[in-house]
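Student: Just passing along the structure, written as structure tokens.
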Amino acid sequence: MNAMSKRNYPSKLIEKLDRVLMQKDEGLMLGLFEGASGLALLGFYLSKQIKVSAFEEKSFALLEYIITSLNEEQYGKMKIIHSLSEGITGIAYTFWHLNKYNFIDFDFEESFSGYDELLFNLARDDFAKGTSDFLHGPMGVLFYFSKRLEQPKVKAYAGHLINDFLLMSKRDSYGLRIHNLILEGTDIRDYDFGLAHGLPGQLLIMSKCLDKGLNDLLINKMITEGLLYLRNHRRDCFGEEIDSIYPSWINEDYGLYHSSNDANYKCRLAWCYGDLSIALAFIQIGKNTRNQSVIDDAIEIGLATTSRLNPKENLVTDIYVCHGSSGIMHMYRRLFIATNLKAFSDAFDHWNNTTRTWLEHSDLRSPKLNNMSILEGLTGLCLSFLPEIEENYWDDILLLS
């Protein structure tokens, strides 16, 4: 794996960011995944890791813009937009993260704890409606609460949300799973296997709570039953139409090996869905639960993806984080840091080269390069090229560290 530094950080991205950060803030969305919060996070990391001081100055200005906007009457609607992706949860997380990792000196609890009860109640409403989403629903709130379990009220709220998850789950000898009806077209019989919207990400968030001592017996049982459900849908023999070990989703009207579910195993290489992100979820769940067999599964699943090098065959059509080459590149970096296995380093190098080649031939005027999105735009692309470091850092928001 090649080391990253300011010297080999893509100059084209620095050039584009210089232009973007000179623009006025007015009209910029406030959220973490789609707006000013994510851009501020990026600016602080760039200033620290590749020593571009102008980005730090802009990031402080962005935080001021966010606080001012939240206090203005026209942003009262933000009080009911609670998602990690676009709403108060993601904004609050941004300030918590920057304070936690010493980018800013800020009395976080005084400024943001007042939102906790609101977020808790909205998350409970989500569960009652059949929504269990990480990016756009209650699991994003639980993820944020998991960072602050030293606060007694937050710990109590998190415990209630875990109980709500359990009450809304389906449990039997086949394992534990839960509906997530937030995605358009989702059937009541569908169960999601994606890190972004489904059971792997949900179990990982549970394990983060467990690792911090919250309700350990109940959470351990839920994780064990959830892993059972996932493993019951694992396929190890690849047919002509089966390119992945795990599906993107399953419709329970059909049996495990029913041909009607075969198409769901034609799963892309990506952050949002697929074996690569499931491997990273498993490796963290295994560490948080002190379960070596889950870690071993993670390594096996991850290694099985390293031969999938053709972008077209693996539905990789752009350079962005969600389902593009930079997200794949970054996930292999994480697997290498976790395991020190050369196969993951080689896979990182392959997708790093692929991303750089595509970037070199990209038009800086491309609409997506003007999009301040972490998942499908400039912000996430720039974050994915940051130097590799072992400690918990920005990709915590993607459930990757």
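Order determines the names: the first chain of the structure tokens is A, the second B, and so forth; residues in each chain are numbered 1 upward, and ligands are numbered 1 upward as they are shown.
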Considering only C-alpha atoms, return as a PyMOL selection string whatever protein or nucleic-acid residues lie within 7 Å of A:Ala158, sequence-local ones (same chain, fewer than 3 positions apart) excluded.
Tutor: chain A and resi 142+145+154-155+161-162
Student: Just the residues within 12 Å of A:Val294, please, counting only C-alpha atoms, with nothing from its chain fewer than 3 positions along; format it as a PyMOL selection string.
Tutor: chain A and resi 204+223-224+227-228+230-231+278-291+297-301
Student: Got time to write the residues from that selection, C-alpha atoms, as a PDB file, in the first residue's frame?
Tutor:
```
ATOM      1  CA  LEU A 204     -22.702  -3.069  13.951  1.00  0.00           C
ATOM      2  CA  ILE A 223     -26.380  -9.664  17.651  1.00  0.00           C
ATOM      3  CA  THR A 224     -26.076 -13.454  17.851  1.00  0.00           C
ATOM      4  CA  LEU A 227     -25.716 -12.932  12.632  1.00  0.00           C
ATOM      5  CA  LEU A 228     -27.556 -16.249  12.465  1.00  0.00           C
ATOM      6  CA  LEU A 230     -27.269 -13.334   7.860  1.00  0.00           C
ATOM      7  CA  ARG A 231     -25.343 -16.608   7.860  1.00  0.00           C
ATOM      8  CA  ILE A 278     -20.389  -6.741   5.031  1.00  0.00           C
ATOM      9  CA  ALA A 279     -16.806  -7.920   5.637  1.00  0.00           C
ATOM     10  CA  LEU A 280     -15.985  -4.606   7.303  1.00  0.00           C
ATOM     11  CA  ALA A 281     -19.156  -4.773   9.407  1.00  0.00           C
ATOM     12  CA  PHE A 282     -18.294  -8.301  10.532  1.00  0.00           C
ATOM     13  CA  ILE A 283     -14.710  -7.466  11.448  1.00  0.00           C
ATOM     14  CA  GLN A 284     -15.882  -4.661  13.728  1.00  0.00           C
ATOM     15  CA  ILE A 285     -18.735  -6.695  15.209  1.00  0.00           C
ATOM     16  CA  GLY A 286     -16.256  -9.475  15.933  1.00  0.00           C
ATOM     17  CA  LYS A 287     -13.900  -7.082  17.712  1.00  0.00           C
ATOM     18  CA  ASN A 288     -16.665  -5.381  19.681  1.00  0.00           C
ATOM     19  CA  THR A 289     -18.124  -8.715  20.816  1.00  0.00           C
ATOM     20  CA  ARG A 290     -14.709 -10.408  21.281  1.00  0.00           C
ATOM     21  CA  ASN A 291     -15.784 -13.114  18.838  1.00  0.00           C
ATOM     22  CA  ASP A 297     -15.717 -14.887   8.627  1.00  0.00           C
ATOM     23  CA  ALA A 298     -15.026 -11.240   7.836  1.00  0.00           C
ATOM     24  CA  ILE A 299     -11.565 -11.994   6.498  1.00  0.00           C
ATOM     25  CA  GLU A 300     -12.865 -14.878   4.382  1.00  0.00           C
ATOM     26  CA  ILE A 301     -15.642 -12.726   2.912  1.00  0.00           C
TER      27      ILE A 301
END
```
Student: May I have the residues within 10 Å of stretch 334-350 of chain A as a ChimeraX atom specification, using only C-alpha atoms and disregarding those fewer than 5 positions away in the same chain?
Tutor: /A:1-2,276-277,279-280,283-284,295,298-299,302-303,305-309,325-326,328-329,355,388-391,395,400-401
Student: Export, as an mmCIF file, in the first residue's frame, the selected residues with N, CA and C atoms.
Tutor:
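Written file, part.cif:
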```cif
data_model
loop_
_atom_site.group_PDB
_atom_site.id
_atom_site.type_symbol
_atom_site.label_atom_id
_atom_site.label_comp_id
_atom_site.auth_asym_id
_atom_site.auth_seq_id
_atom_site.Cartn_x
_atom_site.Cartn_y
_atom_site.Cartn_z
ATOM 1 N N MET A 1 0.849 -1.189 0.000
ATOM 2 C CA MET A 1 0.000 0.000 0.000
ATOM 3 C C MET A 1 0.880 1.232 0.000
ATOM 4 N N ASN A 2 0.615 2.126 -0.926
ATOM 5 C CA ASN A 2 1.420 3.324 -1.044
ATOM 6 C C ASN A 2 1.008 4.354 -0.001
ATOM 7 N N LEU A 276 -18.139 -6.658 0.359
ATOM 8 C CA LEU A 276 -17.009 -5.874 0.875
ATOM 9 C C LEU A 276 -17.408 -5.096 2.126
ATOM 10 N N SER A 277 -18.530 -4.414 2.080
ATOM 11 C CA SER A 277 -18.967 -3.672 3.268
ATOM 12 C C SER A 277 -19.440 -4.607 4.371
ATOM 13 N N ALA A 279 -18.056 -7.472 5.009
ATOM 14 C CA ALA A 279 -16.806 -7.920 5.637
ATOM 15 C C ALA A 279 -16.342 -6.906 6.680
ATOM 16 N N LEU A 280 -16.412 -5.629 6.349
ATOM 17 C CA LEU A 280 -15.985 -4.606 7.303
ATOM 18 C C LEU A 280 -16.925 -4.519 8.498
ATOM 19 N N ILE A 283 -15.992 -7.550 10.734
ATOM 20 C CA ILE A 283 -14.710 -7.466 11.448
ATOM 21 C C ILE A 283 -14.845 -6.568 12.673
ATOM 22 N N GLN A 284 -15.672 -5.526 12.564
ATOM 23 C CA GLN A 284 -15.882 -4.661 13.728
ATOM 24 C C GLN A 284 -16.806 -5.313 14.751
ATOM 25 N N ILE A 295 -14.717 -12.497 13.194
ATOM 26 C CA ILE A 295 -13.572 -11.865 12.529
ATOM 27 C C ILE A 295 -13.043 -12.766 11.417
ATOM 28 N N ALA A 298 -15.233 -12.519 8.513
ATOM 29 C CA ALA A 298 -15.026 -11.240 7.836
ATOM 30 C C ALA A 298 -13.844 -11.312 6.877
ATOM 31 N N ILE A 299 -12.762 -11.893 7.336
ATOM 32 C CA ILE A 299 -11.565 -11.994 6.498
ATOM 33 C C ILE A 299 -11.836 -12.871 5.279
ATOM 34 N N GLY A 302 -14.040 -10.910 2.892
ATOM 35 C CA GLY A 302 -13.254 -9.854 2.265
ATOM 36 C C GLY A 302 -12.293 -10.387 1.224
ATOM 37 N N LEU A 303 -11.606 -11.461 1.534
ATOM 38 C CA LEU A 303 -10.652 -12.036 0.573
ATOM 39 C C LEU A 303 -11.352 -12.509 -0.697
ATOM 40 N N THR A 305 -13.597 -11.073 -2.201
ATOM 41 C CA THR A 305 -13.893 -9.940 -3.093
ATOM 42 C C THR A 305 -12.669 -9.455 -3.866
ATOM 43 N N THR A 306 -11.474 -9.846 -3.436
ATOM 44 C CA THR A 306 -10.261 -9.229 -3.989
ATOM 45 C C THR A 306 -9.997 -9.613 -5.439
ATOM 46 N N SER A 307 -10.654 -10.662 -5.931
ATOM 47 C CA SER A 307 -10.494 -11.036 -7.340
ATOM 48 C C SER A 307 -11.482 -10.297 -8.242
ATOM 49 N N ARG A 308 -12.349 -9.509 -7.652
ATOM 50 C CA ARG A 308 -13.375 -8.781 -8.416
ATOM 51 C C ARG A 308 -12.807 -7.413 -8.799
ATOM 52 N N LEU A 309 -12.087 -7.373 -9.907
ATOM 53 C CA LEU A 309 -11.295 -6.198 -10.263
ATOM 54 C C LEU A 309 -11.858 -5.398 -11.431
ATOM 55 N N SER A 325 -15.549 3.835 -7.134
ATOM 56 C CA SER A 325 -14.214 3.271 -6.911
ATOM 57 C C SER A 325 -13.507 3.839 -5.685
ATOM 58 N N SER A 326 -13.757 5.112 -5.323
ATOM 59 C CA SER A 326 -13.063 5.657 -4.154
ATOM 60 C C SER A 326 -13.546 5.012 -2.861
ATOM 61 N N ILE A 328 -14.605 1.884 -2.634
ATOM 62 C CA ILE A 328 -13.978 0.559 -2.638
ATOM 63 C C ILE A 328 -12.521 0.666 -2.206
ATOM 64 N N MET A 329 -11.812 1.629 -2.782
ATOM 65 C CA MET A 329 -10.421 1.878 -2.413
ATOM 66 C C MET A 329 -10.281 2.055 -0.905
ATOM 67 N N THR A 355 -9.207 4.793 -9.485
ATOM 68 C CA THR A 355 -9.843 6.066 -9.133
ATOM 69 C C THR A 355 -9.032 7.246 -9.650
ATOM 70 N N GLU A 388 -3.848 7.336 5.211
ATOM 71 C CA GLU A 388 -4.353 6.266 6.061
ATOM 72 C C GLU A 388 -3.781 6.389 7.468
ATOM 73 N N ILE A 389 -4.668 6.347 8.461
ATOM 74 C CA ILE A 389 -4.267 6.343 9.856
ATOM 75 C C ILE A 389 -5.111 5.298 10.573
ATOM 76 N N GLU A 390 -4.571 4.738 11.618
ATOM 77 C CA GLU A 390 -5.228 3.597 12.248
ATOM 78 C C GLU A 390 -6.371 3.991 13.174
ATOM 79 N N GLU A 391 -6.272 5.131 13.838
ATOM 80 C CA GLU A 391 -7.276 5.458 14.846
ATOM 81 C C GLU A 391 -8.615 5.822 14.210
ATOM 82 N N ASP A 395 -14.225 8.236 8.776
ATOM 83 C CA ASP A 395 -15.082 7.199 8.190
ATOM 84 C C ASP A 395 -15.946 6.484 9.226
ATOM 85 N N LEU A 400 -17.247 2.475 9.162
ATOM 86 C CA LEU A 400 -16.054 1.754 8.705
ATOM 87 C C LEU A 400 -14.935 1.749 9.726
ATOM 88 N N SER A 401 -15.113 2.442 10.856
ATOM 89 C CA SER A 401 -14.043 2.444 11.879
ATOM 90 C C SER A 401 -14.659 2.591 13.272
#
```
Student: Quick one, how far is atom CA of A:Leu214 from atom CA of A:Ile397?
Tutor: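 Distance between the two atoms: 20.5 Å.
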Student: Please identify all polymer residues within 6 Å of stretch 85-101 of chain A, counting only C-alpha atoms, omitting same-chain residues fewer than 3 positions from it, and present them as a PyMOL selection string.
Tutor: chain A and resi 31-33+37+81-82+104-105+135
Student: Which residue gives the smallest distance to A:Gly198 among A:Leu149, A:Cys267, A:Cys272, A:Ala61, with only C-alpha atoms counted?
Tutor: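 With only C-alpha atoms as the atom set, the closest residue is A:Cys272.
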Student: So the first atom is atom CA of A:Gln49 and the second is atom CA of A:Leu386; what is the distance between them in Å, to one decimal place?
Tutor: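 Atom CA of A:Leu386 lies 7.3 Å from atom CA of A:Gln49.
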Student: Quick one: DSSP helix (DSSP H, G or I) residues in stretch 95-258 of chain A, as number ranges by chain?
Tutor: A: 95-100, 108-128, 138-146, 152-168, 199-211, 216-231
